[in-house]
Amino acid sequence: YFGRIYQSRYLTGIAAGLKTESNKIGYVGAWGKDNAEVTGGCDAFAMGVYSVNPDATVYIKTTNSWYDPEGEKAAAQTLLDMGCDVIAQHCDTVYPQTLAQEKGVYSIGYNSDMSKDAPQSCLCSVVWNWSAYYTAAVQSVIDGSWDGSNYYGGMNENLVSITDLADFCAEGTKEKVEEAKKQILSGENGVFDGVIETNTGETVGKEGTTLDDATITGGINWYFKTVSVVE
């Protein structure tokens, strides 16, 4: 079982894209292009940024580990030193948040509400609500309807979401986020819709379609056109 965390990342991209002044947004990723979860999340975030600020670039620095405190700290520092004034993350420590606060810029948290760690920096956080799945799964066992099938829920199932927006988000952020959320919930916006241009100039997807779940979960080994990899 897993979830459409990319939906939430798209929404946080809107918050980041509206807040940046340098048009440089950092992203600390756990893994590179071989991991579709991390890459797809970064792409969805960048697409959210692009929807409100096509001039911004998302710079990704990867640590090649799910949990590497020193690596995450170093990656975040590199991005901040490059002039990124908003930094997001797909990693487990709070260093991207706390370092952003130290530098007087902004951040997007992950896994938990990281505003508790960086109250002056964190615009919002991408969060999971695993109880949405666990409750339904346990109830199906009780009911005798459990069939063991794979599960891939999203915002419609309340499995993924974002925390409340900070009051220092850019003006109009709440309205833009709410608009995009409604479009995702209705199916109007599947995030990975149509023909998507990558940062190598190639394209993926087809007009009038959305990437299928198998591709989203295992086949996104490319970066969106506004993503730049920091070695």
# chains A, B, ... in the order shown; residues from 1 in each chain; ligands from 1
$ residues_around --residues "Asp193 (chain A)" --least-positions-apart "4" --cutoff "7 Å" --atoms "only C-alpha atoms" --output "NGL selection string"
:A and (209-211)
$ select_by_dssp --residues "region 114-187 of chain A" --states "strand (DSSP E or B)" --output "list in words"
Cys122, Leu123, Cys124, Ser125, Val126, Val127, Trp128, Tyr152, Gly153, Val160, Ser161 and Ile162 of chain A
$ write_last_selection --atoms "C-alpha atoms" --output "PDB file, in the first residue's frame"
ATOM      1  CA  CYS A 122       8.127  26.533   7.349  1.00  0.00           C
ATOM      2  CA  LEU A 123       5.450  27.615   4.860  1.00  0.00           C
ATOM      3  CA  CYS A 124       3.639  24.263   5.168  1.00  0.00           C
ATOM      4  CA  SER A 125       4.441  20.548   5.180  1.00  0.00           C
ATOM      5  CA  VAL A 126       3.560  17.514   3.080  1.00  0.00           C
ATOM      6  CA  VAL A 127       2.017  14.924   5.403  1.00  0.00           C
ATOM      7  CA  TRP A 128       0.635  11.409   5.404  1.00  0.00           C
ATOM      8  CA  TYR A 152      -2.875   3.436  -3.827  1.00  0.00           C
ATOM      9  CA  GLY A 153      -4.834   6.225  -2.178  1.00  0.00           C
ATOM     10  CA  VAL A 160      -2.147  12.584   1.831  1.00  0.00           C
ATOM     11  CA  SER A 161      -2.497  16.290   2.497  1.00  0.00           C
ATOM     12  CA  ILE A 162      -0.640  19.436   3.457  1.00  0.00           C
TER      13      ILE A 162
END
$ atom_distance --atom1 "CA of Tyr67 (chain A)" --atom2 "CA of Thr39 (chain A)"
16.5 Å
$ residues_around --residues "Trp31 (chain A)" --least-positions-apart "2" --cutoff "6 Å" --atoms "only C-alpha atoms" --output "PDB file with N, CA and C atoms, in the first residue's frame"
ATOM      1  N   GLY A  29      16.677  15.704  -1.976  1.00  0.00           N
ATOM      2  CA  GLY A  29      16.070  14.421  -2.309  1.00  0.00           C
ATOM      3  C   GLY A  29      16.888  13.260  -1.779  1.00  0.00           C
ATOM      4  N   THR A  62      20.752  15.404  -4.133  1.00  0.00           N
ATOM      5  CA  THR A  62      20.373  14.133  -3.526  1.00  0.00           C
ATOM      6  C   THR A  62      21.457  13.615  -2.582  1.00  0.00           C
ATOM      7  N   ASN A  64      21.444  10.121  -1.683  1.00  0.00           N
ATOM      8  CA  ASN A  64      21.608   8.681  -1.932  1.00  0.00           C
ATOM      9  C   ASN A  64      21.423   7.858  -0.661  1.00  0.00           C
TER      10      ASN A  64
END
$ residues_around --residues "Lys61 (chain A)" --least-positions-apart "4" --cutoff "8 Å" --atoms "only C-alpha atoms" --output "PyMOL selection string"
chain A and resi 26-29+75-76+79+229-231
$ write_last_selection --atoms "C-alpha atoms" --output "PDB file, in the first residue's frame"
ATOM      1  CA  GLY A  26      16.035  24.023  -3.342  1.00  0.00           C
ATOM      2  CA  TYR A  27      14.974  20.392  -2.938  1.00  0.00           C
ATOM      3  CA  VAL A  28      16.857  17.839  -0.839  1.00  0.00           C
ATOM      4  CA  GLY A  29      16.070  14.421  -2.309  1.00  0.00           C
ATOM      5  CA  ALA A  75      22.841  19.142   0.827  1.00  0.00           C
ATOM      6  CA  ALA A  76      20.591  21.756   2.401  1.00  0.00           C
ATOM      7  CA  LEU A  79      21.347  24.737  -1.845  1.00  0.00           C
ATOM      8  CA  VAL A 229      20.442  18.686 -10.717  1.00  0.00           C
ATOM      9  CA  VAL A 230      23.168  19.863  -8.357  1.00  0.00           C
ATOM     10  CA  GLU A 231      26.093  17.448  -8.302  1.00  0.00           C
TER      11      GLU A 231
END
